[in-house]
file protein_4.cif (mmCIF, N, CA and C atoms and all ligand atoms)
data_start
loop_
_atom_site.group_PDB
_atom_site.id
_atom_site.type_symbol
_atom_site.label_atom_id
_atom_site.label_comp_id
_atom_site.auth_asym_id
_atom_site.auth_seq_id
_atom_site.Cartn_x
_atom_site.Cartn_y
_atom_site.Cartn_z
ATOM 1 N N MET A 1 100.809 -113.696 -99.746
ATOM 2 C CA MET A 1 102.202 -113.837 -100.146
ATOM 3 C C MET A 1 103.092 -113.489 -98.951
ATOM 4 N N SER A 2 104.223 -114.151 -98.882
ATOM 5 C CA SER A 2 105.195 -113.803 -97.851
ATOM 6 C C SER A 2 106.593 -113.818 -98.457
ATOM 7 N N LEU A 3 107.404 -112.891 -98.002
ATOM 8 C CA LEU A 3 108.751 -112.716 -98.529
ATOM 9 C C LEU A 3 109.702 -113.648 -97.800
ATOM 10 N N ILE A 4 110.503 -114.407 -98.557
ATOM 11 C CA ILE A 4 111.517 -115.238 -97.905
ATOM 12 C C ILE A 4 112.889 -114.962 -98.521
ATOM 13 N N GLU A 5 113.892 -115.012 -97.658
ATOM 14 C CA GLU A 5 115.270 -114.786 -98.081
ATOM 15 C C GLU A 5 115.788 -116.071 -98.707
ATOM 16 N N LEU A 6 116.332 -115.949 -99.942
ATOM 17 C CA LEU A 6 116.722 -117.163 -100.654
ATOM 18 C C LEU A 6 118.222 -117.408 -100.660
ATOM 19 N N ILE A 7 118.998 -116.486 -101.226
ATOM 20 C CA ILE A 7 120.444 -116.717 -101.382
ATOM 21 C C ILE A 7 121.116 -115.392 -101.756
ATOM 22 N N PRO A 8 122.363 -115.185 -101.327
ATOM 23 C CA PRO A 8 123.088 -113.999 -101.812
ATOM 24 C C PRO A 8 123.303 -114.092 -103.326
ATOM 25 N N LEU A 9 123.114 -112.986 -103.995
ATOM 26 C CA LEU A 9 123.301 -112.932 -105.445
ATOM 27 C C LEU A 9 124.706 -113.390 -105.833
ATOM 28 N N ALA A 10 125.700 -113.044 -105.048
ATOM 29 C CA ALA A 10 127.096 -113.370 -105.357
ATOM 30 C C ALA A 10 127.376 -114.874 -105.316
ATOM 31 N N ARG A 11 126.503 -115.650 -104.701
ATOM 32 C CA ARG A 11 126.721 -117.101 -104.638
ATOM 33 C C ARG A 11 126.098 -117.837 -105.817
ATOM 34 N N CYS A 12 125.411 -117.107 -106.696
ATOM 35 C CA CYS A 12 124.740 -117.734 -107.843
ATOM 36 C C CYS A 12 125.641 -117.741 -109.071
ATOM 37 N N ARG A 13 125.474 -118.776 -109.870
ATOM 38 C CA ARG A 13 126.204 -118.838 -111.134
ATOM 39 C C ARG A 13 125.557 -117.856 -112.116
ATOM 40 N N ILE A 14 126.356 -117.245 -112.949
ATOM 41 C CA ILE A 14 125.849 -116.316 -113.955
ATOM 42 C C ILE A 14 125.601 -117.094 -115.247
ATOM 43 N N GLY A 15 124.403 -116.933 -115.822
ATOM 44 C CA GLY A 15 124.078 -117.591 -117.086
ATOM 45 C C GLY A 15 123.766 -119.064 -116.943
ATOM 46 N N ALA A 16 123.533 -119.514 -115.719
ATOM 47 C CA ALA A 16 123.217 -120.924 -115.462
ATOM 48 C C ALA A 16 122.362 -120.982 -114.199
ATOM 49 N N GLY A 17 121.843 -122.156 -113.905
ATOM 50 C CA GLY A 17 120.993 -122.306 -112.736
ATOM 51 C C GLY A 17 121.784 -122.583 -111.469
ATOM 52 N N THR A 18 121.205 -122.189 -110.348
ATOM 53 C CA THR A 18 121.761 -122.492 -109.029
ATOM 54 C C THR A 18 120.653 -123.142 -108.208
ATOM 55 N N PHE A 19 120.941 -124.313 -107.666
ATOM 56 C CA PHE A 19 119.967 -125.022 -106.842
ATOM 57 C C PHE A 19 119.970 -124.454 -105.427
ATOM 58 N N VAL A 20 118.772 -124.193 -104.896
ATOM 59 C CA VAL A 20 118.645 -123.697 -103.526
ATOM 60 C C VAL A 20 117.526 -124.467 -102.834
ATOM 61 N N GLU A 21 117.817 -125.022 -101.658
ATOM 62 C CA GLU A 21 116.767 -125.627 -100.842
ATOM 63 C C GLU A 21 116.522 -124.720 -99.651
ATOM 64 N N LYS A 22 115.273 -124.385 -99.444
ATOM 65 C CA LYS A 22 114.908 -123.481 -98.351
ATOM 66 C C LYS A 22 113.641 -124.007 -97.701
ATOM 67 N N ALA A 23 113.705 -124.284 -96.411
ATOM 68 C CA ALA A 23 112.552 -124.768 -95.649
ATOM 69 C C ALA A 23 111.907 -125.984 -96.319
ATOM 70 N N GLY A 24 112.746 -126.874 -96.843
ATOM 71 C CA GLY A 24 112.241 -128.111 -97.439
ATOM 72 C C GLY A 24 111.706 -127.971 -98.846
ATOM 73 N N HIS A 25 111.834 -126.784 -99.436
ATOM 74 C CA HIS A 25 111.349 -126.566 -100.803
ATOM 75 C C HIS A 25 112.550 -126.334 -101.715
ATOM 76 N N GLU A 26 112.506 -126.888 -102.935
ATOM 77 C CA GLU A 26 113.633 -126.785 -103.864
ATOM 78 C C GLU A 26 113.344 -125.759 -104.952
ATOM 79 N N TYR A 27 114.291 -124.821 -105.101
ATOM 80 C CA TYR A 27 114.166 -123.757 -106.089
ATOM 81 C C TYR A 27 115.335 -123.815 -107.070
ATOM 82 N N ALA A 28 115.105 -123.261 -108.259
ATOM 83 C CA ALA A 28 116.180 -123.039 -109.224
ATOM 84 C C ALA A 28 116.261 -121.535 -109.466
ATOM 85 N N VAL A 29 117.458 -120.995 -109.253
ATOM 86 C CA VAL A 29 117.685 -119.557 -109.399
ATOM 87 C C VAL A 29 118.537 -119.327 -110.644
ATOM 88 N N PHE A 30 118.101 -118.422 -111.489
ATOM 89 C CA PHE A 30 118.829 -118.121 -112.722
ATOM 90 C C PHE A 30 119.201 -116.642 -112.732
ATOM 91 N N VAL A 31 120.493 -116.396 -112.814
ATOM 92 C CA VAL A 31 121.008 -115.027 -112.864
ATOM 93 C C VAL A 31 121.591 -114.811 -114.258
ATOM 94 N N MET A 32 121.064 -113.813 -114.944
ATOM 95 C CA MET A 32 121.450 -113.569 -116.334
ATOM 96 C C MET A 32 121.816 -112.107 -116.512
ATOM 97 N N ASP A 33 122.226 -111.766 -117.722
ATOM 98 C CA ASP A 33 122.580 -110.371 -118.047
ATOM 99 C C ASP A 33 123.571 -109.810 -117.039
ATOM 100 N N GLU A 34 124.601 -110.603 -116.724
ATOM 101 C CA GLU A 34 125.657 -110.182 -115.790
ATOM 102 C C GLU A 34 125.092 -109.733 -114.436
ATOM 103 N N GLY A 35 124.025 -110.380 -114.024
ATOM 104 C CA GLY A 35 123.458 -110.113 -112.704
ATOM 105 C C GLY A 35 122.294 -109.150 -112.706
ATOM 106 N N LYS A 36 121.947 -108.617 -113.881
ATOM 107 C CA LYS A 36 120.850 -107.633 -113.923
ATOM 108 C C LYS A 36 119.474 -108.297 -113.914
ATOM 109 N N THR A 37 119.385 -109.549 -114.358
ATOM 110 C CA THR A 37 118.106 -110.251 -114.412
ATOM 111 C C THR A 37 118.180 -111.503 -113.553
ATOM 112 N N VAL A 38 117.202 -111.670 -112.666
ATOM 113 C CA VAL A 38 117.155 -112.846 -111.794
ATOM 114 C C VAL A 38 115.768 -113.461 -111.910
ATOM 115 N N ARG A 39 115.716 -114.759 -112.154
ATOM 116 C CA ARG A 39 114.456 -115.493 -112.217
ATOM 117 C C ARG A 39 114.534 -116.657 -111.233
ATOM 118 N N VAL A 40 113.414 -116.949 -110.584
ATOM 119 C CA VAL A 40 113.346 -118.084 -109.654
ATOM 120 C C VAL A 40 112.125 -118.915 -109.992
ATOM 121 N N ILE A 41 112.343 -120.218 -110.126
ATOM 122 C CA ILE A 41 111.256 -121.167 -110.408
ATOM 123 C C ILE A 41 111.407 -122.373 -109.477
ATOM 124 N N ASP A 42 110.364 -123.209 -109.430
ATOM 125 C CA ASP A 42 110.511 -124.480 -108.725
ATOM 126 C C ASP A 42 111.542 -125.330 -109.461
ATOM 127 N N ASN A 43 112.351 -126.069 -108.694
ATOM 128 C CA ASN A 43 113.439 -126.823 -109.322
ATOM 129 C C ASN A 43 112.978 -128.080 -110.042
ATOM 130 N N SER A 44 111.896 -128.680 -109.599
ATOM 131 C CA SER A 44 111.482 -129.985 -110.123
ATOM 132 C C SER A 44 110.693 -129.848 -111.427
ATOM 133 N N CYS A 45 111.163 -130.512 -112.462
ATOM 134 C CA CYS A 45 110.456 -130.498 -113.749
ATOM 135 C C CYS A 45 109.125 -131.257 -113.617
ATOM 136 N N PRO A 46 108.027 -130.695 -114.130
ATOM 137 C CA PRO A 46 106.723 -131.365 -114.000
ATOM 138 C C PRO A 46 106.591 -132.633 -114.840
ATOM 139 N N HIS A 47 107.533 -132.877 -115.755
ATOM 140 C CA HIS A 47 107.464 -134.100 -116.562
ATOM 141 C C HIS A 47 107.835 -135.321 -115.723
ATOM 142 N N ALA A 48 109.058 -135.345 -115.183
ATOM 143 C CA ALA A 48 109.503 -136.502 -114.399
ATOM 144 C C ALA A 48 110.513 -136.092 -113.334
ATOM 145 N N SER A 49 110.352 -134.862 -112.821
ATOM 146 C CA SER A 49 111.141 -134.362 -111.691
ATOM 147 C C SER A 49 112.611 -134.113 -112.009
ATOM 148 N N GLY A 50 112.928 -133.811 -113.244
ATOM 149 C CA GLY A 50 114.304 -133.441 -113.578
ATOM 150 C C GLY A 50 114.748 -132.201 -112.823
ATOM 151 N N ASN A 51 116.062 -132.083 -112.674
ATOM 152 C CA ASN A 51 116.678 -130.979 -111.926
ATOM 153 C C ASN A 51 116.832 -129.761 -112.847
ATOM 154 N N LEU A 52 115.875 -128.845 -112.792
ATOM 155 C CA LEU A 52 115.899 -127.712 -113.720
ATOM 156 C C LEU A 52 117.081 -126.780 -113.478
ATOM 157 N N ALA A 53 117.589 -126.718 -112.260
ATOM 158 C CA ALA A 53 118.760 -125.870 -111.993
ATOM 159 C C ALA A 53 119.972 -126.352 -112.785
ATOM 160 N N GLY A 54 119.965 -127.609 -113.188
ATOM 161 C CA GLY A 54 121.077 -128.152 -113.966
ATOM 162 C C GLY A 54 120.847 -128.067 -115.463
ATOM 163 N N GLY A 55 119.763 -127.415 -115.863
ATOM 164 C CA GLY A 55 119.455 -127.320 -117.287
ATOM 165 C C GLY A 55 120.237 -126.233 -117.989
ATOM 166 N N GLU A 56 120.305 -126.359 -119.303
ATOM 167 C CA GLU A 56 120.995 -125.351 -120.120
ATOM 168 C C GLU A 56 120.069 -124.158 -120.323
ATOM 169 N N VAL A 57 120.636 -122.963 -120.181
ATOM 170 C CA VAL A 57 119.846 -121.734 -120.311
ATOM 171 C C VAL A 57 120.203 -121.033 -121.609
ATOM 172 N N THR A 58 119.173 -120.700 -122.371
ATOM 173 C CA THR A 58 119.349 -119.914 -123.585
ATOM 174 C C THR A 58 118.383 -118.741 -123.494
ATOM 175 N N GLU A 59 118.962 -117.549 -123.433
ATOM 176 C CA GLU A 59 118.175 -116.338 -123.218
ATOM 177 C C GLU A 59 117.280 -116.518 -121.992
ATOM 178 N N ASN A 60 115.953 -116.548 -122.150
ATOM 179 C CA ASN A 60 115.061 -116.613 -120.987
ATOM 180 C C ASN A 60 114.410 -117.983 -120.847
ATOM 181 N N VAL A 61 115.058 -119.023 -121.378
ATOM 182 C CA VAL A 61 114.470 -120.362 -121.386
ATOM 183 C C VAL A 61 115.458 -121.357 -120.795
ATOM 184 N N VAL A 62 114.948 -122.247 -119.922
ATOM 185 C CA VAL A 62 115.790 -123.338 -119.425
ATOM 186 C C VAL A 62 115.293 -124.640 -120.041
ATOM 187 N N SER A 63 116.250 -125.463 -120.445
ATOM 188 C CA SER A 63 115.941 -126.762 -121.024
ATOM 189 C C SER A 63 116.232 -127.841 -119.980
ATOM 190 N N CYS A 64 115.227 -128.625 -119.638
ATOM 191 C CA CYS A 64 115.415 -129.678 -118.630
ATOM 192 C C CYS A 64 116.504 -130.658 -119.090
ATOM 193 N N PRO A 65 117.439 -130.991 -118.198
ATOM 194 C CA PRO A 65 118.551 -131.867 -118.608
ATOM 195 C C PRO A 65 118.132 -133.306 -118.898
ATOM 196 N N TRP A 66 116.939 -133.723 -118.473
ATOM 197 C CA TRP A 66 116.561 -135.118 -118.681
ATOM 198 C C TRP A 66 115.952 -135.393 -120.059
ATOM 199 N N HIS A 67 114.942 -134.624 -120.451
ATOM 200 C CA HIS A 67 114.296 -134.888 -121.752
ATOM 201 C C HIS A 67 114.094 -133.616 -122.557
ATOM 202 N N GLN A 68 114.780 -132.575 -122.152
ATOM 203 C CA GLN A 68 114.872 -131.319 -122.909
ATOM 204 C C GLN A 68 113.547 -130.582 -123.095
ATOM 205 N N TRP A 69 112.618 -130.715 -122.192
ATOM 206 C CA TRP A 69 111.457 -129.823 -122.245
ATOM 207 C C TRP A 69 111.957 -128.425 -121.883
ATOM 208 N N ASP A 70 111.435 -127.425 -122.581
ATOM 209 C CA ASP A 70 111.869 -126.047 -122.372
ATOM 210 C C ASP A 70 110.826 -125.273 -121.571
ATOM 211 N N PHE A 71 111.301 -124.459 -120.633
ATOM 212 C CA PHE A 71 110.411 -123.650 -119.791
ATOM 213 C C PHE A 71 110.834 -122.182 -119.854
ATOM 214 N N ASP A 72 109.841 -121.324 -120.111
ATOM 215 C CA ASP A 72 110.071 -119.887 -120.084
ATOM 216 C C ASP A 72 110.287 -119.468 -118.624
ATOM 217 N N LEU A 73 111.387 -118.797 -118.352
ATOM 218 C CA LEU A 73 111.714 -118.455 -116.964
ATOM 219 C C LEU A 73 110.845 -117.330 -116.412
ATOM 220 N N SER A 74 110.168 -116.583 -117.269
ATOM 221 C CA SER A 74 109.279 -115.514 -116.788
ATOM 222 C C SER A 74 107.893 -116.032 -116.460
ATOM 223 N N THR A 75 107.379 -116.930 -117.309
ATOM 224 C CA THR A 75 106.000 -117.407 -117.132
ATOM 225 C C THR A 75 105.919 -118.805 -116.536
ATOM 226 N N GLY A 76 106.992 -119.580 -116.650
ATOM 227 C CA GLY A 76 106.975 -120.974 -116.209
ATOM 228 C C GLY A 76 106.351 -121.917 -117.213
ATOM 229 N N LEU A 77 105.855 -121.377 -118.328
ATOM 230 C CA LEU A 77 105.168 -122.220 -119.314
ATOM 231 C C LEU A 77 106.154 -123.086 -120.092
ATOM 232 N N CYS A 78 105.717 -124.304 -120.390
ATOM 233 C CA CYS A 78 106.517 -125.254 -121.158
ATOM 234 C C CYS A 78 106.139 -125.146 -122.634
ATOM 235 N N THR A 79 107.144 -125.200 -123.488
ATOM 236 C CA THR A 79 106.874 -125.099 -124.919
ATOM 237 C C THR A 79 106.446 -126.445 -125.508
ATOM 238 N N HIS A 80 106.572 -127.536 -124.747
ATOM 239 C CA HIS A 80 106.247 -128.872 -125.254
ATOM 240 C C HIS A 80 104.851 -129.336 -124.855
ATOM 241 N N SER A 81 104.270 -128.716 -123.862
ATOM 242 C CA SER A 81 102.950 -129.128 -123.402
ATOM 243 C C SER A 81 102.245 -127.937 -122.770
ATOM 244 N N GLU A 82 101.057 -127.628 -123.256
ATOM 245 C CA GLU A 82 100.309 -126.502 -122.687
ATOM 246 C C GLU A 82 99.903 -126.765 -121.243
ATOM 247 N N GLN A 83 99.906 -128.029 -120.832
ATOM 248 C CA GLN A 83 99.488 -128.354 -119.477
ATOM 249 C C GLN A 83 100.650 -128.414 -118.494
ATOM 250 N N ALA A 84 101.876 -128.308 -118.993
ATOM 251 C CA ALA A 84 103.042 -128.354 -118.108
ATOM 252 C C ALA A 84 103.502 -126.940 -117.804
ATOM 253 N N LYS A 85 103.717 -126.700 -116.536
ATOM 254 C CA LYS A 85 104.129 -125.363 -116.099
ATOM 255 C C LYS A 85 104.858 -125.506 -114.781
ATOM 256 N N VAL A 86 105.872 -124.681 -114.577
ATOM 257 C CA VAL A 86 106.522 -124.635 -113.271
ATOM 258 C C VAL A 86 106.148 -123.325 -112.590
ATOM 259 N N GLN A 87 106.140 -123.362 -111.266
ATOM 260 C CA GLN A 87 105.834 -122.162 -110.486
ATOM 261 C C GLN A 87 106.977 -121.162 -110.637
ATOM 262 N N THR A 88 106.630 -119.905 -110.879
ATOM 263 C CA THR A 88 107.617 -118.823 -110.887
ATOM 264 C C THR A 88 107.364 -117.944 -109.657
ATOM 265 N N TYR A 89 108.377 -117.195 -109.268
ATOM 266 C CA TYR A 89 108.258 -116.371 -108.055
ATOM 267 C C TYR A 89 108.721 -114.941 -108.336
ATOM 268 N N PRO A 90 107.973 -113.951 -107.856
ATOM 269 C CA PRO A 90 108.450 -112.568 -107.945
ATOM 270 C C PRO A 90 109.735 -112.417 -107.127
ATOM 271 N N VAL A 91 110.697 -111.698 -107.682
ATOM 272 C CA VAL A 91 112.026 -111.559 -107.079
ATOM 273 C C VAL A 91 112.278 -110.120 -106.658
ATOM 274 N N THR A 92 112.895 -109.981 -105.498
ATOM 275 C CA THR A 92 113.378 -108.686 -105.026
ATOM 276 C C THR A 92 114.843 -108.860 -104.636
ATOM 277 N N ILE A 93 115.677 -107.919 -105.058
ATOM 278 C CA ILE A 93 117.079 -107.929 -104.620
ATOM 279 C C ILE A 93 117.237 -106.803 -103.596
ATOM 280 N N ARG A 94 117.694 -107.196 -102.414
ATOM 281 C CA ARG A 94 117.862 -106.199 -101.353
ATOM 282 C C ARG A 94 119.214 -106.434 -100.684
ATOM 283 N N ASP A 95 120.089 -105.432 -100.735
ATOM 284 C CA ASP A 95 121.431 -105.529 -100.138
ATOM 285 C C ASP A 95 122.173 -106.777 -100.621
ATOM 286 N N GLY A 96 122.034 -107.095 -101.906
ATOM 287 C CA GLY A 96 122.770 -108.215 -102.477
ATOM 288 C C GLY A 96 122.168 -109.577 -102.188
ATOM 289 N N ILE A 97 120.996 -109.616 -101.602
ATOM 290 C CA ILE A 97 120.327 -110.872 -101.281
ATOM 291 C C ILE A 97 119.096 -111.035 -102.176
ATOM 292 N N ILE A 98 118.883 -112.242 -102.677
ATOM 293 C CA ILE A 98 117.688 -112.543 -103.479
ATOM 294 C C ILE A 98 116.574 -112.966 -102.535
ATOM 295 N N TRP A 99 115.447 -112.260 -102.624
ATOM 296 C CA TRP A 99 114.241 -112.587 -101.864
ATOM 297 C C TRP A 99 113.158 -112.954 -102.868
ATOM 298 N N ILE A 100 112.249 -113.835 -102.471
ATOM 299 C CA ILE A 100 111.122 -114.163 -103.339
ATOM 300 C C ILE A 100 109.817 -114.065 -102.551
ATOM 301 N N ASP A 101 108.750 -113.773 -103.290
ATOM 302 C CA ASP A 101 107.406 -113.782 -102.722
ATOM 303 C C ASP A 101 106.818 -115.170 -102.956
ATOM 304 N N VAL A 102 106.415 -115.830 -101.894
ATOM 305 C CA VAL A 102 105.795 -117.145 -102.045
ATOM 306 C C VAL A 102 104.343 -117.081 -101.555
ATOM 307 N N PRO A 103 103.475 -117.885 -102.176
ATOM 308 C CA PRO A 103 102.081 -117.899 -101.706
ATOM 309 C C PRO A 103 102.028 -118.324 -100.244
ATOM 310 N N SER A 104 101.160 -117.681 -99.482
ATOM 311 C CA SER A 104 101.029 -118.007 -98.048
ATOM 312 C C SER A 104 100.287 -119.308 -97.844
HETATM 313 S S1 LIG A 201 112.055 -134.701 -116.474
HETATM 314 FE FE1 LIG A 201 112.160 -132.769 -117.410
HETATM 315 S S2 LIG A 201 111.717 -133.143 -119.466
HETATM 316 FE FE2 LIG A 201 111.533 -135.076 -118.533
#
call {"tool": "encode", "arguments": {"input": "protein_4.cif", "output": "structure tokens"}}
result
Amino acid sequence: MSLIELIPLARCRIGAGTFVEKAGHEYAVFVMDEGKTVRVIDNSCPHASGNLAGGEVTENVVSCPWHQWDFDLSTGLCTHSEQAKVQTYPVTIRDGIIWIDVPS
């Protein structure tokens, strides 16, 4: 695993997704609970590449804007298909910056 700097927390939308591209990889960042909870997943929906950062968030679940598949933001698991899953990343907040651990 290696730690990468993603985005300042203050630049993220609260209660909605924020799209971040870093080193050619697309992430969706979700800041909830007035900034106390941060989740990061891959942005591309495994169904047909929908933009998950643009999905509606309800509690800890994002609904893909294209065909409404729902993904748990903690596990990445889809409620519509046991075989569909998005990558989730461990998050660290340091000096107001969101960092994630990515596989090496
Ligand atoms: S592209 Fe996400 S549900 Fe179809």
call {"tool": "closest_atom_pairs", "arguments": {"input": "protein_4.cif", "of": "chain A", "to": "ligand LIG 201 (chain A)", "cutoff": "5 Å", "atoms": "all atoms listed in the file", "output": "JSON lines"}}
result
{"residue": "A:Cys45", "atom": "CA", "partner": "A:LIG201", "partner_atom": "FE1", "distance": 4.6}
{"residue": "A:His47", "atom": "C", "partner": "A:LIG201", "partner_atom": "S1", "distance": 4.3}
{"residue": "A:Ala48", "atom": "N", "partner": "A:LIG201", "partner_atom": "S1", "distance": 3.3}
{"residue": "A:Ser49", "atom": "N", "partner": "A:LIG201", "partner_atom": "S1", "distance": 4.0}
{"residue": "A:Gly50", "atom": "N", "partner": "A:LIG201", "partner_atom": "S1", "distance": 3.5}
{"residue": "A:Cys64", "atom": "CA", "partner": "A:LIG201", "partner_atom": "FE1", "distance": 4.7}
{"residue": "A:Trp66", "atom": "C", "partner": "A:LIG201", "partner_atom": "FE2", "distance": 4.7}
{"residue": "A:His67", "atom": "N", "partner": "A:LIG201", "partner_atom": "S2", "distance": 3.7}
{"residue": "A:Gln68", "atom": "N", "partner": "A:LIG201", "partner_atom": "S2", "distance": 4.1}
{"residue": "A:Trp69", "atom": "N", "partner": "A:LIG201", "partner_atom": "S2", "distance": 3.8}
call {"tool": "atom_distance", "arguments": {"input": "protein_4.cif", "atom1": "atom CA of Asp42 of chain A", "atom2": "atom CA of Val29 of chain A"}}
result
8.7 Å
call {"tool": "atom_distance", "arguments": {"input": "protein_4.cif", "atom1": "atom N of Cys78 of chain A", "atom2": "atom C of Gly96 of chain A"}}
result
28.6 Å
call {"tool": "residues_around", "arguments": {"input": "protein_4.cif", "residues": "Val62 of chain A", "least_positions_apart": "4", "cutoff": "6.5 Å", "atoms": "all atoms listed in the file", "output": "count of residues only"}}
result
9
call {"tool": "resolve_selection", "arguments": {"input": "protein_4.cif", "expression": "the PyMOL selection byres (((chain A and resi 97 and name CA) around 9) and not hetatm and name CA)", "output": "number ranges by chain"}}
result
A: 5-10, 92-96, 98-99
call {"tool": "write_last_selection", "arguments": {"input": "protein_4.cif", "atoms": "N, CA and C atoms", "output": "CSV table (one decimal), in the coordinates of the input"}}
result
chain,number,residue,atom,x,y,z
A,5,GLU,N,113.9,-115.0,-97.7
A,5,GLU,CA,115.3,-114.8,-98.1
A,5,GLU,C,115.8,-116.1,-98.7
A,6,LEU,N,116.3,-115.9,-99.9
A,6,LEU,CA,116.7,-117.2,-100.7
A,6,LEU,C,118.2,-117.4,-100.7
A,7,ILE,N,119.0,-116.5,-101.2
A,7,ILE,CA,120.4,-116.7,-101.4
A,7,ILE,C,121.1,-115.4,-101.8
A,8,PRO,N,122.4,-115.2,-101.3
A,8,PRO,CA,123.1,-114.0,-101.8
A,8,PRO,C,123.3,-114.1,-103.3
A,9,LEU,N,123.1,-113.0,-104.0
A,9,LEU,CA,123.3,-112.9,-105.4
A,9,LEU,C,124.7,-113.4,-105.8
A,10,ALA,N,125.7,-113.0,-105.0
A,10,ALA,CA,127.1,-113.4,-105.4
A,10,ALA,C,127.4,-114.9,-105.3
A,92,THR,N,112.9,-110.0,-105.5
A,92,THR,CA,113.4,-108.7,-105.0
A,92,THR,C,114.8,-108.9,-104.6
A,93,ILE,N,115.7,-107.9,-105.1
A,93,ILE,CA,117.1,-107.9,-104.6
A,93,ILE,C,117.2,-106.8,-103.6
A,94,ARG,N,117.7,-107.2,-102.4
A,94,ARG,CA,117.9,-106.2,-101.4
A,94,ARG,C,119.2,-106.4,-100.7
A,95,ASP,N,120.1,-105.4,-100.7
A,95,ASP,CA,121.4,-105.5,-100.1
A,95,ASP,C,122.2,-106.8,-100.6
A,96,GLY,N,122.0,-107.1,-101.9
A,96,GLY,CA,122.8,-108.2,-102.5
A,96,GLY,C,122.2,-109.6,-102.2
A,98,ILE,N,118.9,-112.2,-102.7
A,98,ILE,CA,117.7,-112.5,-103.5
A,98,ILE,C,116.6,-113.0,-102.5
A,99,TRP,N,115.4,-112.3,-102.6
A,99,TRP,CA,114.2,-112.6,-101.9
A,99,TRP,C,113.2,-113.0,-102.9
call {"tool": "resolve_selection", "arguments": {"input": "protein_4.cif", "expression": "the PyMOL selection byres (((chain A and resi 102) around 6.5) and not hetatm)", "output": "MDAnalysis selection string"}}
result
chainID A and resid 1:4 89:90 100:101 103:104
call {"tool": "select_by_dssp", "arguments": {"input": "protein_4.cif", "residues": "chain A", "states": "strand (DSSP E)", "output": "ChimeraX atom specification"}}
result
/A:2-8,17-22,25-32,37-42,56-58,61-63,70-72,88-89,91-94,97-102
call {"tool": "atom_distance", "arguments": {"input": "protein_4.cif", "atom1": "atom CA of Lys36 of chain A", "atom2": "atom CA of Glu59 of chain A"}}
result
13.0 Å
call {"tool": "closest_residue", "arguments": {"input": "protein_4.cif", "among": "A:Leu77, A:Ala28, A:Val91, A:Cys12", "to": "Asn43 of chain A", "atoms": "all atoms listed in the file"}}
result
A:Ala28
call {"tool": "select_by_dssp", "arguments": {"input": "protein_4.cif", "residues": "chain A", "states": "helix (DSSP H, G or I)", "output": "ChimeraX atom specification"}}
result
/A:9-11,33-35,52-54
